[in-house]
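Note: the block below is structure.cif and it holds mmCIF, C-alpha atoms.
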```cif
data_start
#
loop_
_atom_site.group_PDB
_atom_site.id
_atom_site.type_symbol
_atom_site.label_atom_id
_atom_site.label_comp_id
_atom_site.auth_asym_id
_atom_site.auth_seq_id
_atom_site.Cartn_x
_atom_site.Cartn_y
_atom_site.Cartn_z
ATOM 1 C CA MET Y 207 69.695 45.363 275.143
ATOM 2 C CA ASP Y 208 71.626 45.702 271.855
ATOM 3 C CA ASP Y 209 71.403 48.856 269.725
ATOM 4 C CA ILE Y 210 69.047 47.373 267.151
ATOM 5 C CA SER Y 211 66.595 46.189 269.793
ATOM 6 C CA HIS Y 212 66.767 49.531 271.536
ATOM 7 C CA GLN Y 213 66.089 51.413 268.293
ATOM 8 C CA LYS Y 214 63.189 49.074 267.601
ATOM 9 C CA LEU Y 215 61.768 49.770 271.051
ATOM 10 C CA LEU Y 216 62.016 53.522 270.434
ATOM 11 C CA ALA Y 217 60.222 53.084 267.108
ATOM 12 C CA LEU Y 218 57.429 50.996 268.645
ATOM 13 C CA ILE Y 219 56.834 53.451 271.463
ATOM 14 C CA ALA Y 220 56.913 56.380 269.024
ATOM 15 C CA GLN Y 221 54.452 54.703 266.666
ATOM 16 C CA ASP Y 222 52.044 54.007 269.502
ATOM 17 C CA TYR Y 223 52.353 57.562 270.808
ATOM 18 C CA TYR Y 224 52.259 59.584 267.578
ATOM 19 C CA LEU Y 225 50.203 57.329 265.291
ATOM 20 C CA SER Y 226 48.006 55.286 267.612
ATOM 21 C CA ARG Y 227 47.573 58.204 270.029
ATOM 22 C CA LEU Y 228 48.249 56.141 273.170
ATOM 23 C CA SER Y 229 48.804 58.201 276.285
ATOM 24 C CA ILE Y 230 51.985 58.116 278.394
ATOM 25 C CA ALA Y 231 50.043 56.108 280.994
ATOM 26 C CA ASP Y 232 48.892 53.591 278.371
ATOM 27 C CA LEU Y 233 52.438 53.207 277.055
ATOM 28 C CA SER Y 234 53.744 52.693 280.564
ATOM 29 C CA THR Y 235 51.318 49.810 281.068
ATOM 30 C CA LYS Y 236 51.907 48.283 277.637
ATOM 31 C CA TYR Y 237 55.709 48.249 277.824
ATOM 32 C CA HIS Y 238 56.042 47.759 281.591
ATOM 33 C CA LEU Y 239 58.142 50.905 281.882
ATOM 34 C CA SER Y 240 57.801 53.891 284.171
ATOM 35 C CA ARG Y 241 56.260 57.060 282.795
ATOM 36 C CA TYR Y 242 59.633 58.721 283.228
ATOM 37 C CA LEU Y 243 61.289 56.129 280.960
ATOM 38 C CA ILE Y 244 58.525 56.395 278.361
ATOM 39 C CA THR Y 245 59.002 60.166 278.211
ATOM 40 C CA LYS Y 246 62.772 59.729 278.054
ATOM 41 C CA HIS Y 247 62.436 57.233 275.168
ATOM 42 C CA LEU Y 248 60.165 59.589 273.235
ATOM 43 C CA ASP Y 249 62.701 62.402 273.641
ATOM 44 C CA GLU Y 250 65.480 60.075 272.515
ATOM 45 C CA ALA Y 251 63.437 59.006 269.476
ATOM 46 C CA LEU Y 252 63.256 62.624 268.377
ATOM 47 C CA LYS Y 253 66.906 63.422 269.068
ATOM 48 C CA SER Y 254 68.214 60.276 267.365
ATOM 49 C CA GLY Y 255 66.141 60.693 264.232
ATOM 50 C CA VAL Y 256 63.924 57.668 264.798
ATOM 51 C CA VAL Y 257 61.090 60.212 264.739
ATOM 52 C CA THR Y 258 61.077 63.245 262.480
ATOM 53 C CA ILE Y 259 58.385 65.884 262.573
ATOM 54 C CA SER Y 260 57.516 68.072 259.613
ATOM 55 C CA VAL Y 261 55.062 70.930 259.486
ATOM 56 C CA ASN Y 262 53.165 71.267 256.225
ATOM 57 C CA ASP Y 263 52.689 75.008 256.268
ATOM 58 C CA PRO Y 264 51.060 76.333 253.084
ATOM 59 C CA ILE Y 265 53.353 79.359 253.419
ATOM 60 C CA ALA Y 266 56.785 77.806 253.971
ATOM 61 C CA ARG Y 267 59.773 79.628 255.477
ATOM 62 C CA ASN Y 268 63.463 79.711 254.581
ATOM 63 C CA VAL Y 269 64.947 78.766 257.943
ATOM 64 C CA ALA Y 270 68.569 79.020 256.785
ATOM 65 C CA LEU Y 271 68.070 82.569 255.567
ATOM 66 C CA GLU Y 272 66.303 83.471 258.796
ATOM 67 C CA ALA Y 273 69.312 82.227 260.770
ATOM 68 C CA GLU Y 274 71.608 84.428 258.673
ATOM 69 C CA PHE Y 275 69.423 87.470 259.338
ATOM 70 C CA LYS Y 276 69.437 86.785 263.076
ATOM 71 C CA ARG Y 277 73.216 86.373 263.047
ATOM 72 C CA ARG Y 278 73.888 89.461 260.977
ATOM 73 C CA PHE Y 279 71.359 91.893 262.434
ATOM 74 C CA GLY Y 280 70.698 90.495 265.904
ATOM 75 C CA ILE Y 281 66.933 90.654 265.459
ATOM 76 C CA PRO Y 282 65.127 87.998 267.533
ATOM 77 C CA ASN Y 283 62.091 87.237 265.378
ATOM 78 C CA VAL Y 284 62.523 86.791 261.637
ATOM 79 C CA ALA Y 285 60.069 85.192 259.187
ATOM 80 C CA ILE Y 286 61.388 84.858 255.627
ATOM 81 C CA LEU Y 287 58.954 83.161 253.286
ATOM 82 C CA PHE Y 288 59.986 81.126 250.268
ATOM 83 C CA ASN Y 289 59.211 82.851 246.990
ATOM 84 C CA ALA Y 290 55.891 81.813 245.507
ATOM 85 C CA GLU Y 291 55.875 79.921 242.211
ATOM 86 C CA ASN Y 292 53.748 82.752 240.885
ATOM 87 C CA PRO Y 293 55.469 86.074 241.743
ATOM 88 C CA ALA Y 294 52.078 87.748 241.796
ATOM 89 C CA GLU Y 295 51.301 85.780 244.973
ATOM 90 C CA ASP Y 296 54.369 86.936 246.935
ATOM 91 C CA ALA Y 297 52.902 90.131 248.367
ATOM 92 C CA ASN Y 298 49.690 88.366 249.380
ATOM 93 C CA ASN Y 299 51.632 85.550 251.103
ATOM 94 C CA ILE Y 300 53.618 88.100 253.092
ATOM 95 C CA VAL Y 301 50.422 89.846 254.200
ATOM 96 C CA GLN Y 302 48.750 86.565 255.153
ATOM 97 C CA TYR Y 303 51.701 85.421 257.212
ATOM 98 C CA ALA Y 304 52.118 88.846 258.821
ATOM 99 C CA ALA Y 305 48.445 88.808 259.783
ATOM 100 C CA MET Y 306 48.984 85.479 261.587
ATOM 101 C CA GLN Y 307 51.911 87.016 263.459
ATOM 102 C CA VAL Y 308 49.881 90.091 264.386
ATOM 103 C CA GLN Y 309 47.056 87.836 265.541
ATOM 104 C CA THR Y 310 49.490 86.082 267.893
ATOM 105 C CA LEU Y 311 50.800 89.398 269.208
ATOM 106 C CA ILE Y 312 47.272 90.630 269.830
ATOM 107 C CA GLU Y 313 46.320 87.517 271.789
ATOM 108 C CA HIS Y 314 49.045 88.270 274.335
ATOM 109 C CA ALA Y 315 48.638 92.051 274.452
ATOM 110 C CA HIS Y 316 46.379 94.626 276.031
ATOM 111 C CA VAL Y 317 47.526 97.749 274.160
ATOM 112 C CA VAL Y 318 48.578 97.549 270.512
ATOM 113 C CA GLY Y 319 49.930 100.444 268.474
ATOM 114 C CA VAL Y 320 48.906 100.725 264.835
ATOM 115 C CA ALA Y 321 50.755 102.631 262.117
ATOM 116 C CA TRP Y 322 49.290 103.462 258.709
ATOM 117 C CA GLY Y 323 49.697 102.614 255.042
ATOM 118 C CA SER Y 324 48.519 100.033 252.520
ATOM 119 C CA THR Y 325 50.496 97.176 254.073
ATOM 120 C CA VAL Y 326 48.959 97.782 257.503
ATOM 121 C CA PHE Y 327 45.509 98.085 255.902
ATOM 122 C CA SER Y 328 45.933 94.714 254.152
ATOM 123 C CA ILE Y 329 47.113 93.018 257.353
ATOM 124 C CA ILE Y 330 44.159 94.290 259.363
ATOM 125 C CA ASP Y 331 41.852 93.052 256.626
ATOM 126 C CA GLN Y 332 43.142 89.504 257.277
ATOM 127 C CA LEU Y 333 42.651 89.500 261.049
ATOM 128 C CA ASN Y 334 40.141 87.056 262.513
ATOM 129 C CA SER Y 335 37.234 88.621 264.353
ATOM 130 C CA LYS Y 336 37.370 87.865 268.068
ATOM 131 C CA VAL Y 337 35.760 90.034 270.723
ATOM 132 C CA ARG Y 338 38.350 91.362 273.170
ATOM 133 C CA ASN Y 339 37.007 93.828 275.712
ATOM 134 C CA ASP Y 340 40.397 93.984 277.408
ATOM 135 C CA LEU Y 341 42.236 95.073 274.238
ATOM 136 C CA THR Y 342 42.845 98.628 273.032
ATOM 137 C CA PHE Y 343 44.295 99.746 269.713
ATOM 138 C CA THR Y 344 45.958 103.133 269.725
ATOM 139 C CA GLN Y 345 47.676 105.656 267.544
ATOM 140 C CA PHE Y 346 51.110 106.467 268.890
ATOM 141 C CA VAL Y 347 51.848 109.340 266.514
ATOM 142 C CA GLY Y 348 49.552 111.953 265.001
ATOM 143 C CA ASP Y 349 47.479 111.715 261.858
ATOM 144 C CA ASN Y 350 49.276 111.571 258.522
ATOM 145 C CA MET Y 351 46.512 113.762 257.038
ATOM 146 C CA LYS Y 352 45.407 111.214 254.441
ATOM 147 C CA TYR Y 353 41.778 111.906 255.158
ATOM 148 C CA SER Y 354 40.618 110.783 251.713
ATOM 149 C CA SER Y 355 42.464 107.477 252.033
ATOM 150 C CA VAL Y 356 41.252 104.306 253.730
ATOM 151 C CA ALA Y 357 44.871 103.749 254.823
ATOM 152 C CA GLY Y 358 45.149 106.852 256.999
ATOM 153 C CA SER Y 359 46.266 106.819 260.636
ATOM 154 C CA ARG Y 360 42.888 107.223 262.329
ATOM 155 C CA GLN Y 361 41.170 104.832 259.940
ATOM 156 C CA MET Y 362 43.683 102.068 260.702
ATOM 157 C CA VAL Y 363 43.049 102.159 264.449
ATOM 158 C CA GLU Y 364 39.278 102.165 264.004
ATOM 159 C CA LYS Y 365 39.442 99.328 261.465
ATOM 160 C CA ALA Y 366 41.627 97.143 263.717
ATOM 161 C CA ALA Y 367 39.308 97.662 266.681
ATOM 162 C CA ALA Y 368 36.267 96.815 264.570
ATOM 163 C CA ARG Y 369 37.877 93.573 263.376
ATOM 164 C CA CYS Y 370 38.678 92.488 266.926
ATOM 165 C CA GLY Y 371 35.639 93.839 268.763
ATOM 166 C CA SER Y 372 37.873 95.933 270.998
ATOM 167 C CA HIS Y 373 38.468 99.511 272.092
ATOM 168 C CA TYR Y 374 40.499 102.192 270.338
ATOM 169 C CA VAL Y 375 41.830 105.673 270.961
ATOM 170 C CA THR Y 376 42.900 108.163 268.324
ATOM 171 C CA LEU Y 377 45.333 111.035 268.414
ATOM 172 C CA ALA Y 378 43.416 113.989 266.966
ATOM 173 C CA SER Y 379 46.472 115.945 265.899
ATOM 174 C CA PRO Y 380 48.520 116.288 262.731
ATOM 175 C CA LEU Y 381 51.571 114.076 262.476
ATOM 176 C CA TYR Y 382 53.801 117.162 262.532
ATOM 177 C CA VAL Y 383 53.405 120.437 264.414
ATOM 178 C CA ILE Y 384 56.027 123.083 263.736
ATOM 179 C CA ASN Y 385 55.434 125.285 266.786
ATOM 180 C CA ASP Y 386 57.593 123.777 269.531
ATOM 181 C CA GLN Y 387 55.584 125.188 272.432
ATOM 182 C CA ILE Y 388 52.265 123.960 271.073
ATOM 183 C CA ARG Y 389 53.681 120.517 270.304
ATOM 184 C CA ALA Y 390 55.199 120.167 273.773
ATOM 185 C CA ALA Y 391 51.860 121.044 275.411
ATOM 186 C CA LEU Y 392 49.695 118.663 273.362
ATOM 187 C CA PRO Y 393 50.183 115.557 275.592
ATOM 188 C CA GLN Y 394 48.419 117.420 278.408
ATOM 189 C CA GLU Y 395 45.377 118.378 276.349
ATOM 190 C CA PRO Y 396 42.328 116.471 277.716
ATOM 191 C CA ALA Y 397 41.253 115.340 274.243
ATOM 192 C CA LEU Y 398 44.694 113.932 273.424
ATOM 193 C CA LYS Y 399 45.854 112.651 276.788
ATOM 194 C CA PRO Y 400 44.106 109.228 276.542
ATOM 195 C CA ALA Y 401 46.040 108.353 273.372
ATOM 196 C CA PHE Y 402 49.365 109.414 274.874
ATOM 197 C CA THR Y 403 48.584 107.435 278.029
ATOM 198 C CA GLN Y 404 47.652 104.283 276.128
ATOM 199 C CA ALA Y 405 50.597 104.574 273.727
ATOM 200 C CA ALA Y 406 53.000 104.696 276.661
ATOM 201 C CA GLN Y 407 51.666 101.265 277.706
ATOM 202 C CA MET Y 408 51.941 99.497 274.340
ATOM 203 C CA ASP Y 409 52.769 95.791 274.506
ATOM 204 C CA ALA Y 410 53.220 95.622 270.742
ATOM 205 C CA LEU Y 411 52.927 97.605 267.539
ATOM 206 C CA PHE Y 412 52.915 96.732 263.861
ATOM 207 C CA CYS Y 413 53.866 98.790 260.840
ATOM 208 C CA GLY Y 414 55.092 98.827 257.271
ATOM 209 C CA PHE Y 415 58.352 100.444 256.214
ATOM 210 C CA GLY Y 416 57.845 103.957 254.887
ATOM 211 C CA THR Y 417 60.028 105.953 252.527
ATOM 212 C CA LEU Y 418 60.355 109.627 251.758
ATOM 213 C CA ALA Y 419 57.790 109.061 248.997
ATOM 214 C CA SER Y 420 55.173 108.305 251.664
ATOM 215 C CA ILE Y 421 55.691 111.815 253.056
ATOM 216 C CA GLU Y 422 55.952 113.477 249.653
ATOM 217 C CA SER Y 423 52.648 111.889 248.622
ATOM 218 C CA ILE Y 424 50.885 114.162 251.142
ATOM 219 C CA PRO Y 425 50.875 117.702 249.676
ATOM 220 C CA ILE Y 426 50.998 119.609 252.975
ATOM 221 C CA TRP Y 427 54.097 117.733 254.151
ATOM 222 C CA GLN Y 428 55.823 117.900 250.777
ATOM 223 C CA GLU Y 429 55.256 121.638 250.626
ATOM 224 C CA HIS Y 430 56.820 122.157 254.077
ATOM 225 C CA TYR Y 431 59.540 119.493 253.945
ATOM 226 C CA GLY Y 432 62.331 121.873 254.981
ATOM 227 C CA THR Y 433 60.385 123.042 258.033
ATOM 228 C CA ILE Y 434 59.280 119.569 259.123
ATOM 229 C CA PHE Y 435 62.732 118.012 258.681
ATOM 230 C CA PRO Y 436 65.117 120.950 259.157
ATOM 231 C CA ASN Y 437 68.708 120.191 258.163
ATOM 232 C CA VAL Y 438 67.809 116.674 256.996
ATOM 233 C CA PRO Y 439 69.073 116.139 253.415
ATOM 234 C CA ALA Y 440 66.566 114.076 251.463
ATOM 235 C CA ASP Y 441 69.318 111.902 249.984
ATOM 236 C CA ARG Y 442 70.284 110.658 253.458
ATOM 237 C CA ILE Y 443 66.831 109.285 254.219
ATOM 238 C CA ALA Y 444 66.686 105.498 253.888
ATOM 239 C CA GLY Y 445 63.218 105.186 255.380
ATOM 240 C CA ILE Y 446 60.469 106.671 257.526
ATOM 241 C CA LEU Y 447 59.399 104.812 260.650
ATOM 242 C CA TYR Y 448 57.250 106.020 263.544
ATOM 243 C CA GLY Y 449 56.911 109.280 261.600
ATOM 244 C CA ARG Y 450 60.653 109.923 261.713
ATOM 245 C CA PRO Y 451 63.295 109.750 258.952
ATOM 246 C CA TYR Y 452 66.356 107.531 259.461
ATOM 247 C CA ASP Y 453 69.506 106.697 257.529
ATOM 248 C CA LEU Y 454 70.971 103.418 256.270
ATOM 249 C CA ASN Y 455 72.465 102.728 259.691
ATOM 250 C CA GLY Y 456 69.136 103.139 261.462
ATOM 251 C CA ARG Y 457 69.948 106.526 262.991
ATOM 252 C CA PHE Y 458 67.005 108.904 263.239
ATOM 253 C CA LEU Y 459 67.946 112.109 261.461
ATOM 254 C CA ASN Y 460 65.652 114.628 263.161
ATOM 255 C CA GLN Y 461 66.182 113.957 266.853
ATOM 256 C CA GLY Y 462 67.747 117.354 267.433
ATOM 257 C CA ASP Y 463 64.602 119.029 266.138
ATOM 258 C CA ASP Y 464 61.794 116.479 266.062
ATOM 259 C CA LYS Y 465 58.494 117.987 264.935
ATOM 260 C CA THR Y 466 56.571 114.707 265.305
ATOM 261 C CA VAL Y 467 53.478 114.674 267.501
ATOM 262 C CA GLY Y 468 53.312 111.454 269.465
ATOM 263 C CA LEU Y 469 55.190 109.174 271.741
ATOM 264 C CA PRO Y 470 58.907 110.096 271.898
ATOM 265 C CA VAL Y 471 60.958 107.726 269.791
ATOM 266 C CA SER Y 472 62.850 106.549 272.883
ATOM 267 C CA GLN Y 473 59.547 105.335 274.347
ATOM 268 C CA VAL Y 474 58.414 103.774 271.069
ATOM 269 C CA LEU Y 475 61.618 101.722 271.021
ATOM 270 C CA ARG Y 476 60.830 100.404 274.489
ATOM 271 C CA THR Y 477 57.715 98.666 273.142
ATOM 272 C CA PRO Y 478 58.520 94.961 273.694
ATOM 273 C CA ARG Y 479 57.372 93.740 270.258
ATOM 274 C CA ARG Y 480 57.645 95.923 267.157
ATOM 275 C CA LEU Y 481 56.656 94.047 264.013
ATOM 276 C CA GLY Y 482 57.711 95.464 260.654
ATOM 277 C CA VAL Y 483 56.409 94.040 257.371
ATOM 278 C CA ILE Y 484 57.973 94.595 253.954
ATOM 279 C CA ARG Y 485 56.370 93.354 250.763
ATOM 280 C CA ASN Y 486 57.965 95.751 248.271
ATOM 281 C CA LYS Y 487 61.479 95.113 246.941
ATOM 282 C CA PHE Y 488 61.925 98.841 246.334
ATOM 283 C CA LYS Y 489 61.943 99.430 250.108
ATOM 284 C CA THR Y 490 65.166 97.474 250.605
ATOM 285 C CA ASP Y 491 67.062 100.479 252.013
ATOM 286 C CA ALA Y 492 64.238 101.246 254.437
ATOM 287 C CA ALA Y 493 64.283 97.673 255.770
ATOM 288 C CA LEU Y 494 68.100 97.533 255.913
ATOM 289 C CA GLY Y 495 68.333 100.740 257.937
ATOM 290 C CA ALA Y 496 65.636 99.565 260.340
ATOM 291 C CA LEU Y 497 67.422 96.230 260.824
ATOM 292 C CA ARG Y 498 70.813 97.822 261.412
ATOM 293 C CA GLY Y 499 69.321 100.229 263.944
ATOM 294 C CA LYS Y 500 67.208 97.506 265.588
ATOM 295 C CA LEU Y 501 64.168 99.720 265.107
ATOM 296 C CA VAL Y 502 61.973 96.601 264.949
ATOM 297 C CA THR Y 503 62.084 93.380 266.941
ATOM 298 C CA ASP Y 504 60.177 91.296 264.377
ATOM 299 C CA ILE Y 505 60.178 91.316 260.586
ATOM 300 C CA VAL Y 506 58.201 89.491 257.896
ATOM 301 C CA LEU Y 507 59.404 89.406 254.282
ATOM 302 C CA ASN Y 508 60.175 86.920 251.523
ATOM 303 C CA GLU Y 509 63.479 85.465 250.334
ATOM 304 C CA ALA Y 510 63.729 87.661 247.231
ATOM 305 C CA ILE Y 511 63.573 90.821 249.362
ATOM 306 C CA ALA Y 512 65.811 89.224 251.997
ATOM 307 C CA GLN Y 513 68.493 88.507 249.377
ATOM 308 C CA ARG Y 514 68.371 92.106 248.201
ATOM 309 C CA ILE Y 515 68.833 93.300 251.788
ATOM 310 C CA LEU Y 516 71.837 91.012 252.326
ATOM 311 C CA ALA Y 517 73.364 92.147 249.038
ATOM 312 C CA ALA Y 518 72.993 95.774 250.114
ATOM 313 C CA ASP Y 519 74.496 95.110 253.554
ATOM 314 C CA VAL Y 520 78.133 95.699 252.599
#
```

Would you put the structure from the file into structure tokens?
Amino acid sequence: MDDISHQKLLALIAQDYYLSRLSIADLSTKYHLSRYLITKHLDEALKSGVVTISVNDPIARNVALEAEFKRRFGIPNVAILFNAENPAEDANNIVQYAAMQVQTLIEHAHVVGVAWGSTVFSIIDQLNSKVRNDLTFTQFVGDNMKYSSVAGSRQMVEKAAARCGSHYVTLASPLYVINDQIRAALPQEPALKPAFTQAAQMDALFCGFGTLASIESIPIWQEHYGTIFPNVPADRIAGILYGRPYDLNGRFLNQGDDKTVGLPVSQVLRTPRRLGVIRNKFKTDAALGALRGKLVTDIVLNEAIAQRILAADV
């Protein structure tokens, strides 16, 4: 069979399969070819360009920029959205897409860790309700003490569980405890042990990228900054993640004297999927440090923020 006839055959089979919805068995009968050959021809039609498949996603992604992020930072799962025609829609698009990613993570998980903040709140608000009795949401660090805010630690876990008809456990402790002996004993307290136990089994977690401002916005932590983060110069902090400050290279700055109540950072980093979402261009340093340190395995952002991160990565 000459090349033109072969290409025509591929096109006919592809049209019948993709447009007319004929099954492999039907195609085998129609063209007097084995099912193996029909499948082989369909694969060839895709590889040769006879068939092209496009996905009309209302929130489109910049695949080339994603590839550059993967190459430069070695992060496996990157979603970089094209900028919206209306800049006012960018943040909402990021939240919508992140919510779809979280939904996928949840469907394959049994224990999911939830951080806090306005980005996390907005993502949870977009989740589809689906009853999951085998799913538990958990805090994995203590409460940030934003009791008057709907975006506090405890509120996030309860909200996520309510959206998904699932279970939740909270960690009824402040985010930071200065007394080393008390903090070390907390995981054994009966009221706190369930949260520590669940957190140690997390399949996934999702979070925003915090900055020093997120700590300074809480009066009790701002007032005691030097005690909470001893010997940690504020100007070295690129971001706050999992309750801990880190620098531009993704190195946690308080590991010699960590006052955080919760899962040790070494255990947090063993969580298989850690999704970070950034929708604010002013958190470029926080995202860059987290990427360099591989503090997250997944990230969702848009191309404007991604370009700022690449420009800063010198």

- Message: For the PyMOL selection byres ((chain Y and resi 454) around 6), applied here, can you spell out every residue it catches as a ChimeraX atom specification?
- Response: /Y:444,453,455-456,495

- Using all atoms listed in the file, which of the listed residues (Y:Phe275, Y:Tyr431, Y:Tyr224, Y:Tyr374) sits closest to Asp504 of chain Y?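 Smallest distance to Asp504 of chain Y is found for Y:Phe275.
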
- Task: Grab the atom CA of Asn268 of chain Y to atom CA of Ala285 of chain Y distance for me, in Å with one decimal place.
- Result: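 Those two atoms sit 7.9 Å apart.
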
Using only C-alpha atoms, which residues sit within 10 Å of Val471 of chain Y once same-chain residues fewer than 2 positions away are excluded, as a short mmCIF file (atom, residue, chain, number, x, y, z; two decimals) with C-alpha atoms, in the frame of the given file?
```cif
data_model
loop_
_atom_site.label_atom_id
_atom_site.label_comp_id
_atom_site.auth_asym_id
_atom_site.auth_seq_id
_atom_site.Cartn_x
_atom_site.Cartn_y
_atom_site.Cartn_z
CA PHE Y 346 51.11 106.47 268.89
CA VAL Y 347 51.85 109.34 266.51
CA LEU Y 447 59.40 104.81 260.65
CA TYR Y 448 57.25 106.02 263.54
CA GLY Y 449 56.91 109.28 261.60
CA ARG Y 450 60.65 109.92 261.71
CA PHE Y 458 67.00 108.90 263.24
CA GLN Y 461 66.18 113.96 266.85
CA ASP Y 464 61.79 116.48 266.06
CA THR Y 466 56.57 114.71 265.30
CA GLY Y 468 53.31 111.45 269.46
CA LEU Y 469 55.19 109.17 271.74
CA GLN Y 473 59.55 105.34 274.35
CA VAL Y 474 58.41 103.77 271.07
CA LEU Y 475 61.62 101.72 271.02
CA ARG Y 476 60.83 100.40 274.49
CA LEU Y 501 64.17 99.72 265.11
#
```

- Message: Using only C-alpha atoms for the distances, tell me which of Y:His430, Y:Arg278, Y:His373, Y:Arg389 is nearest to Leu494 of chain Y.
- Response: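 Closest candidate: Y:Arg278.
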
- Query: Which one is closest to Glu364 of chain Y: Y:Ala390, Y:Ala315, Y:Val320, Y:Ala297? Count only C-alpha atoms.
  - Reply: Y:Val320

- What is the distance between atom CA of Leu411 of chain Y and atom CA of Ala305 of chain Y, in Å to one decimal? 12.6 Å

- Task: Expand the PyMOL selection byres ((chain Y and resi 420) around 12) into the individual residues it matches in the shown file, reporting them as number ranges by chain.
- Result: Y: 322-324, 350-352, 357-358, 414-419, 421-425, 427-428, 443, 445-447, 449-451, 489, 492

- Query: What is the distance between atom CA of Lys487 of chain Y and atom CA of Asn299 of chain Y, in Å to one decimal?
  - Reply: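 Computing it gives 14.3 Å between the two atoms.
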
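Minimum atom-to-atom distances from Y:Ile484, Y:Ala220, Y:Ile312, Y:Val257 to Leu497 of chain Y were compared using all atoms listed in the file, and the lowest value belongs to Y:Ile484.
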
Repaired coordinates for segment 421-434 of chain Y (N, CA and C atoms) as a compact mmCIF listing (two decimals), keeping the file's coordinate frame:
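Output file result29.txt is given in full below:
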```
# COMPACT_ATOMS: atom_id res chain seq x y z
N ILE Y 421 55.89 110.46 252.55
CA ILE Y 421 55.69 111.82 253.06
C ILE Y 421 55.39 112.76 251.90
N GLU Y 422 56.13 112.60 250.80
CA GLU Y 422 55.95 113.48 249.65
C GLU Y 422 54.59 113.29 248.97
N SER Y 423 53.96 112.14 249.23
CA SER Y 423 52.65 111.89 248.62
C SER Y 423 51.55 112.70 249.29
N ILE Y 424 51.86 113.34 250.41
CA ILE Y 424 50.88 114.16 251.14
C ILE Y 424 51.26 115.62 250.91
N PRO Y 425 50.48 116.35 250.12
CA PRO Y 425 50.88 117.70 249.68
C PRO Y 425 51.34 118.64 250.79
N ILE Y 426 50.64 118.66 251.93
CA ILE Y 426 51.00 119.61 252.98
C ILE Y 426 52.38 119.34 253.53
N TRP Y 427 52.77 118.05 253.63
CA TRP Y 427 54.10 117.73 254.15
C TRP Y 427 55.17 117.97 253.09
N GLN Y 428 54.86 117.65 251.85
CA GLN Y 428 55.82 117.90 250.78
C GLN Y 428 56.13 119.39 250.65
N GLU Y 429 55.09 120.19 250.76
CA GLU Y 429 55.26 121.64 250.63
C GLU Y 429 56.13 122.22 251.73
N HIS Y 430 56.09 121.62 252.92
CA HIS Y 430 56.82 122.16 254.08
C HIS Y 430 57.95 121.22 254.53
N TYR Y 431 58.51 120.47 253.60
CA TYR Y 431 59.54 119.49 253.94
C TYR Y 431 60.67 120.12 254.76
N GLY Y 432 61.19 121.25 254.31
CA GLY Y 432 62.33 121.87 254.98
C GLY Y 432 62.03 122.33 256.39
N THR Y 433 60.77 122.61 256.69
CA THR Y 433 60.38 123.04 258.03
C THR Y 433 60.12 121.85 258.94
N ILE Y 434 59.57 120.77 258.35
CA ILE Y 434 59.28 119.57 259.12
C ILE Y 434 60.56 118.81 259.47
```
